[in-house]
Each structure stands twice: as C-alpha cells, then as structure tokens.
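Q: run.txt is reproduced in full below (compact mmCIF, C-alpha atoms and all ligand atoms).
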```
# COMPACT_ATOMS: atom_id res chain seq x y z
CA MET A 1 106.04 102.42 113.07
CA HIS A 2 104.89 99.49 110.94
CA PHE A 3 106.92 98.22 107.99
CA HIS A 4 106.04 95.96 105.09
CA ILE A 5 109.10 93.91 104.22
CA LEU A 6 108.80 92.84 100.57
CA VAL A 7 111.11 89.98 99.65
CA GLY A 8 112.36 89.21 96.16
CA THR A 9 114.19 85.90 96.29
CA THR A 10 114.71 82.86 94.12
CA SER A 11 117.16 80.76 96.10
CA GLY A 12 116.56 82.08 99.61
CA ASN A 13 119.59 84.27 100.44
CA THR A 14 117.53 87.44 100.52
CA GLU A 15 115.12 85.86 102.98
CA TYR A 16 117.94 85.82 105.57
CA LEU A 17 118.49 89.54 105.07
CA ALA A 18 114.79 90.20 105.44
CA ASP A 19 114.66 88.11 108.63
CA ALA A 20 117.60 90.04 110.09
CA LEU A 21 115.88 93.36 109.32
CA ASN A 22 112.63 92.10 110.76
CA GLU A 23 114.39 91.16 114.01
CA ARG A 24 116.16 94.49 114.19
CA LEU A 25 112.96 96.46 113.63
CA THR A 26 111.26 94.51 116.40
CA ALA A 27 114.21 95.06 118.74
CA LEU A 28 113.92 98.80 118.07
CA GLY A 29 110.24 98.76 119.03
CA HIS A 30 108.77 98.80 115.51
CA SER A 31 106.65 96.12 113.91
CA ALA A 32 106.88 94.50 110.51
CA THR A 33 105.01 92.14 108.24
CA LEU A 34 107.22 89.97 106.08
CA HIS A 35 105.83 89.31 102.61
CA ASP A 36 107.74 86.49 100.95
CA GLN A 37 105.36 86.54 97.97
CA PRO A 38 104.20 90.16 98.03
CA THR A 39 100.84 91.04 96.47
CA PRO A 40 99.54 94.56 95.89
CA LYS A 41 96.47 93.86 98.03
CA GLU A 42 98.62 93.18 101.10
CA VAL A 43 100.66 96.37 100.95
CA PHE A 44 98.35 99.01 99.50
CA THR A 45 96.20 101.04 101.82
CA ASN A 46 93.39 103.43 101.08
CA SER A 47 94.23 105.65 104.01
CA ASP A 48 96.24 108.87 103.90
CA GLU A 49 98.71 107.45 106.40
CA PRO A 50 102.25 106.78 105.15
CA SER A 51 102.98 103.18 104.23
CA TYR A 52 106.54 102.08 104.93
CA TRP A 53 108.07 99.53 102.56
CA LEU A 54 111.39 97.81 103.00
CA MET A 55 112.13 96.09 99.71
CA CYS A 56 114.82 93.38 99.64
CA ILE A 57 115.27 92.37 96.02
CA ALA A 58 117.72 89.93 94.45
CA THR A 59 118.64 90.04 90.76
CA HIS A 60 118.42 86.84 88.73
CA GLY A 61 118.42 85.81 85.07
CA ALA A 62 120.14 88.56 83.11
CA GLY A 63 119.12 91.41 85.33
CA GLU A 64 115.63 90.13 86.13
CA TYR A 65 113.62 90.32 89.33
CA ALA A 66 113.92 87.29 91.61
CA GLU A 67 110.99 84.93 91.36
CA SER A 68 108.99 85.78 94.48
CA ILE A 69 108.54 89.43 93.51
CA VAL A 70 108.06 89.15 89.73
CA SER A 71 104.28 89.31 89.75
CA PHE A 72 104.25 92.18 92.25
CA MET A 73 106.60 94.27 90.12
CA GLU A 74 104.60 93.42 87.00
CA ALA A 75 101.45 94.62 88.74
CA LEU A 76 103.15 97.94 89.60
CA ALA A 77 104.41 98.35 86.05
CA THR A 78 101.06 97.64 84.40
CA GLU A 79 98.55 99.05 86.89
CA LYS A 80 100.71 102.09 87.75
CA PRO A 81 99.13 102.79 91.14
CA ASP A 82 99.85 106.13 92.77
CA LEU A 83 102.41 105.37 95.50
CA GLN A 84 102.31 108.84 97.01
CA GLN A 85 101.79 107.39 100.49
CA VAL A 86 104.71 104.99 100.17
CA GLN A 87 108.00 105.69 101.89
CA ALA A 88 110.47 103.05 100.79
CA ALA A 89 113.95 101.77 101.43
CA ILE A 90 115.52 99.23 99.09
CA ILE A 91 118.23 96.63 99.43
CA ALA A 92 119.45 95.43 96.05
CA VAL A 93 121.06 91.99 96.28
CA GLY A 94 123.33 90.76 93.52
CA ASP A 95 126.70 89.46 92.48
CA SER A 96 129.29 91.78 90.95
CA SER A 97 130.55 89.07 88.61
CA TYR A 98 127.41 89.77 86.52
CA ASP A 99 127.27 92.74 84.12
CA THR A 100 123.75 93.42 85.31
CA PHE A 101 124.87 93.84 88.93
CA CYS A 102 121.87 94.58 91.18
CA LYS A 103 119.77 95.63 88.19
CA ALA A 104 116.49 94.39 89.68
CA GLY A 105 116.91 96.61 92.75
CA ASP A 106 117.79 99.58 90.55
CA ASP A 107 114.78 98.94 88.31
CA ALA A 108 112.50 98.68 91.35
CA GLU A 109 113.82 102.01 92.63
CA ALA A 110 113.22 103.73 89.29
CA LEU A 111 109.71 102.30 89.00
CA ILE A 112 108.48 103.23 92.47
CA LEU A 113 109.93 106.74 92.15
CA GLU A 114 108.07 107.10 88.85
CA LEU A 115 104.90 106.12 90.74
CA ASN A 116 105.48 108.92 93.31
CA ALA A 117 106.94 106.87 96.18
CA ARG A 118 109.62 108.53 98.28
CA LEU A 119 112.94 106.98 99.23
CA ILE A 120 113.73 107.25 102.92
CA ALA A 121 117.30 105.97 102.52
CA PRO A 122 119.86 105.55 99.79
CA THR A 123 119.48 102.12 98.21
CA LEU A 124 121.98 99.61 99.59
CA GLN A 125 123.69 97.23 97.18
CA ILE A 126 124.78 93.93 98.68
CA ASP A 127 127.41 92.14 96.62
CA MET A 128 127.16 88.45 97.41
CA PHE A 129 130.43 87.89 95.49
CA ASN A 130 132.55 89.46 98.21
CA GLU A 131 130.30 90.52 101.07
CA LEU A 132 131.33 88.56 104.16
CA ASP A 133 128.44 89.61 106.38
CA PRO A 134 125.36 90.53 104.31
CA GLU A 135 122.99 90.47 107.31
CA GLY A 136 125.36 92.64 109.39
CA SER A 137 125.69 95.18 106.56
CA ALA A 138 121.94 95.28 106.06
CA VAL A 139 121.30 95.91 109.76
CA GLN A 140 124.03 98.58 109.86
CA TRP A 141 122.35 100.34 106.91
CA LEU A 142 118.97 100.18 108.66
CA ASP A 143 120.43 101.66 111.83
CA GLN A 144 121.82 104.61 109.85
CA TRP A 145 118.42 105.90 108.74
CA ILE A 146 115.79 104.45 111.06
CA SER A 147 116.36 106.87 113.92
CA GLN A 148 115.94 109.85 111.60
CA ILE A 149 112.51 108.83 110.41
CA SER A 150 111.33 107.70 113.85
CA GLU A 151 111.86 111.14 115.39
C1 LIG B 201 121.06 82.09 87.48
C2 LIG B 201 121.52 83.30 88.26
C3 LIG B 201 121.52 84.53 87.65
C4 LIG B 201 121.95 85.68 88.34
N1 LIG B 201 121.96 86.90 87.70
C5 LIG B 201 122.40 87.99 88.37
C6 LIG B 201 122.43 89.26 87.71
O1 LIG B 201 122.06 89.41 86.56
N2 LIG B 201 122.87 90.32 88.44
C7 LIG B 201 123.28 90.22 89.74
O2 LIG B 201 123.68 91.22 90.32
N3 LIG B 201 123.27 89.01 90.38
C8 LIG B 201 122.84 87.91 89.72
N4 LIG B 201 122.82 86.70 90.37
C9 LIG B 201 123.30 86.61 91.74
C10 LIG B 201 122.14 86.59 92.74
O3 LIG B 201 121.52 87.84 92.85
C11 LIG B 201 122.72 86.20 94.11
O4 LIG B 201 123.16 84.87 94.05
C12 LIG B 201 121.72 86.36 95.23
O5 LIG B 201 122.32 86.04 96.45
C13 LIG B 201 120.50 85.50 95.02
O6 LIG B 201 119.56 85.81 96.00
P1 LIG B 201 118.39 84.83 96.41
O7 LIG B 201 119.05 83.57 96.99
O8 LIG B 201 117.63 85.56 97.44
O9 LIG B 201 117.59 84.51 95.20
C14 LIG B 201 122.39 85.56 89.68
C15 LIG B 201 122.37 84.30 90.30
C16 LIG B 201 121.94 83.19 89.62
C17 LIG B 201 121.95 81.85 90.31
```
Once more with this new file: its structure as structure tokens, please.
Ligand SMILES: Cc1cc2nc3c(=O)[nH]c(=O)nc-3n(C[C@H](O)[C@H](O)[C@H](O)COP(=O)(O)O)c2cc1C

A:
Amino acid sequence: MHFHILVGTTSGNTEYLADALNERLTALGHSATLHDQPTPKEVFTNSDEPSYWLMCIATHGAGEYAESIVSFMEALATEKPDLQQVQAAIIAVGDSSYDTFCKAGDDAEALILELNARLIAPTLQIDMFNELDPEGSAVQWLDQWISQISE
C-alpha cells in the first residue's frame, strides 16, 4: 500500500513524527511519499483507486494551520475537490496549554470529511506539553490500525 504523508509544520517537530511513521510504514512493507510542503497536484489522482493520506498537522497561531500546510488546506477549502477516493488518518499536534488545543488537526478532519474523504483511524492528538515520546505514540497508533486496512 502506498501512503502520502502530508506534513504541517512550522518549527519542525512534526517532521520527526512524519519521519518515524515513514520508517514504520517501510518496515511493514508499505511505501510512502513524504510531502513537507504538500500541493494538491502531488496527492490527487484521477484514478478510481483509493488514495491513502497520513496527515500530520501542528497547530500554530491561535488555532491556525502550521505554515507548511496552509496553502494546501486553503486549496481544499476554496476548490472543494471531491475526496471520495481518499482514505485518511490524521495526527493533530499541539500543546494543551493553548485554548485552541490541536484545532488545526480538528479543522482538517472536519474539512476532509465534508469533502467525502473517509477516516481509516480515529484522529490522534499529540500533546507536546506533556508527551514524553511523541514518535513512539505515533508509531503505536499506526500499528493499531494499519493491519486492519492491509488485510
Ligand atoms: C506561536 C505558537 C503558537 C501555538 N499555538 C498553538 C495552538 O493554538 N494550539 C495548540 O494546540 N498548539 C499551539 N502551539 C504548539 C505547537 O503546536 C507545538 O509547539 C508543536 O510541537 C509545533 O509543531 P511544529 O514544530 O511541527 O511546528 C503553538 C506554538 C507556537 C510556537
């Protein structure tokens, strides 16, 4: 199975999570393309085949998308493509000392669902305020659902 890993980062933490997931997918015999500045052109296909997206999105500002994924999310919101083929899993990265904890990940989930994507796993929130092993938690989450969709 091939995954598109879409990274929303401003200061780089989320890149480490994405790298860890990329490694894990490869170790499990899957393949992945890491998009650190995702563009619609790279991840949309015209075929009827499912397209698997792993979105790792940090919240910045007051609940805003992290820099590297802003234009991608804007394109989704304005162009409203049909994401019927998209099967997605989302990691929302944030810090629970903010009122708008993980809002960008939640907003991304709401938007892609509105555009007919399907979630293949419950969205994982990573709280950088007190998470000791973000990469370990992300990989553990991946392991919980990957075998079910690979069958
Ligand atoms: C200026 C600033 C604003 C932030 N705003 C939020 C926020 O509104 N909600 C949240 O959950 N986390 C917020 N965070 C925490 C970031 O999501 C957290 O530091 C994360 O690890 C950043 O990921 P990145 O290094 O991949 O950009 C903020 C961090 C900074 C520096």

Q: Closest to Thr26 (chain A) among A:Thr9, A:Ala66, A:Lys41, A:His2, using all atoms listed in the file?

A: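 For Thr26 (chain A), the nearest of the candidates is A:His2.
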
Q: Counting only C-alpha atoms, what is within 7 Å of Thr33 (chain A), bar same-chain residues fewer than 4 positions away, as a PyMOL selection string?

A: chain A and resi 3-5

Q: Expressed in Å to a single decimal, how great is the separation between atom O7 of ligand LIG 201 (chain B) and CA of Thr123 (chain A)?

A: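 These atoms are spaced 18.6 Å apart.
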
Q: What lies within 12 Å of Ile69 (chain A) using only C-alpha atoms, ignoring chain neighbours under 5 positions off, as a PDB file with C-alpha atoms, in the coordinates of the input?

A:
```pdb
ATOM      1  CA  ILE A   5     109.100  93.910 104.220  1.00  0.00           C
ATOM      2  CA  LEU A   6     108.800  92.840 100.570  1.00  0.00           C
ATOM      3  CA  VAL A   7     111.110  89.980  99.650  1.00  0.00           C
ATOM      4  CA  GLY A   8     112.360  89.210  96.160  1.00  0.00           C
ATOM      5  CA  THR A   9     114.190  85.900  96.290  1.00  0.00           C
ATOM      6  CA  THR A  10     114.710  82.860  94.120  1.00  0.00           C
ATOM      7  CA  THR A  14     117.530  87.440 100.520  1.00  0.00           C
ATOM      8  CA  HIS A  35     105.830  89.310 102.610  1.00  0.00           C
ATOM      9  CA  ASP A  36     107.740  86.490 100.950  1.00  0.00           C
ATOM     10  CA  GLN A  37     105.360  86.540  97.970  1.00  0.00           C
ATOM     11  CA  PRO A  38     104.200  90.160  98.030  1.00  0.00           C
ATOM     12  CA  THR A  39     100.840  91.040  96.470  1.00  0.00           C
ATOM     13  CA  PRO A  40      99.540  94.560  95.890  1.00  0.00           C
ATOM     14  CA  MET A  55     112.130  96.090  99.710  1.00  0.00           C
ATOM     15  CA  CYS A  56     114.820  93.380  99.640  1.00  0.00           C
ATOM     16  CA  ILE A  57     115.270  92.370  96.020  1.00  0.00           C
ATOM     17  CA  ALA A  58     117.720  89.930  94.450  1.00  0.00           C
ATOM     18  CA  THR A  59     118.640  90.040  90.760  1.00  0.00           C
ATOM     19  CA  HIS A  60     118.420  86.840  88.730  1.00  0.00           C
ATOM     20  CA  GLU A  64     115.630  90.130  86.130  1.00  0.00           C
ATOM     21  CA  GLU A  74     104.600  93.420  87.000  1.00  0.00           C
ATOM     22  CA  ALA A  75     101.450  94.620  88.740  1.00  0.00           C
ATOM     23  CA  LEU A  76     103.150  97.940  89.600  1.00  0.00           C
ATOM     24  CA  ALA A 104     116.490  94.390  89.680  1.00  0.00           C
ATOM     25  CA  GLY A 105     116.910  96.610  92.750  1.00  0.00           C
ATOM     26  CA  ALA A 108     112.500  98.680  91.350  1.00  0.00           C
TER      27      ALA A 108
END
```

Q: Please compute the CA of Gly61 (chain A)-CA of Lys103 (chain A) distance, one decimal, in Å.

A: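 Pair CA of Gly61 (chain A) / CA of Lys103 (chain A) returns 10.4 Å.
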
Q: Residues within 10 Å of Ile149 (chain A), please, as a list in words. Count all atoms listed in the file; anything in the same chain fewer than 5 positions from it doesn't count.

A: Met1, Ile120 and Ala121 of chain A

Q: So, counting all atoms listed in the file, which residue among A:Ser68, A:Gly63, A:Ala88, A:Gln148 is closest to Asp107 (chain A)?

A: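 Closest residue, counting all atoms listed in the file: A:Gly63.
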
Q: Counting all atoms listed in the file, which residue out of A:Ile146, A:Leu25, A:Ile126, A:Leu111 sits closest to Pro81 (chain A)?

A: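 Among A:Ile146, A:Leu25, A:Ile126, A:Leu111, it is A:Leu111 that comes nearest to Pro81 (chain A).
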
Q: Residues near Pro122 (chain A), anyone? I mean within 12 Å using only C-alpha atoms, not counting same-chain ones fewer than 6 positions away, as a VMD selection string.

A: chain A and resid 54 88 to 92 105 to 106 109 141 to 142 144 to 145

Q: Would you mind telling me which residue in A:Glu42, A:Phe72, A:Leu119, A:Glu67 lies nearest to ligand LIG 201 (chain B) when using all atoms listed in the file?

A: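 Smallest distance to ligand LIG 201 (chain B) is found for A:Glu67.
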
Q: Counting only C-alpha atoms and all ligand atoms, figure out which residue out of A:Glu135, A:Glu15, A:Glu79, A:Glu23 gets nearest to ligand LIG 201 (chain B).

A: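 Closest candidate: A:Glu15.
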
Q: Identify which of the residues A:Ala27, A:Val93, A:Leu113, A:Leu34 lies closest to ligand LIG 201 (chain B), counting only C-alpha atoms and all ligand atoms when measuring atom-to-atom distances.

A: A:Val93

Q: CA of Val139 (chain A) and CA of Glu49 (chain A), how far apart in Å?

A: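 Pair CA of Glu49 (chain A) / CA of Val139 (chain A) returns 25.6 Å.
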
Q: Mind working out the centre and edge lengths of an axis-aligned box for ligand LIG 201 (chain B), all listed atoms inside, 3 Å added to each side, rounded to one decimal in Å and written as lines of an AutoDock Vina configuration file?

A:
```
center_x = 120.6
center_y = 86.5
center_z = 92.0
size_x = 12.1
size_y = 15.4
size_z = 16.9
```

Q: Can you pull out the residues contacting Glu131 (chain A)? Cut-off 12 Å, using all atoms listed in the file, and skip same-chain residues under 4 positions away; I want them as a list in words.

A: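 Here the qualifying residues turn out to be Val93, Gly94, Asp95, Ser96, Gln125, Ile126, Asp127, Glu135, Gly136, Ser137 and Ala138 of chain A.
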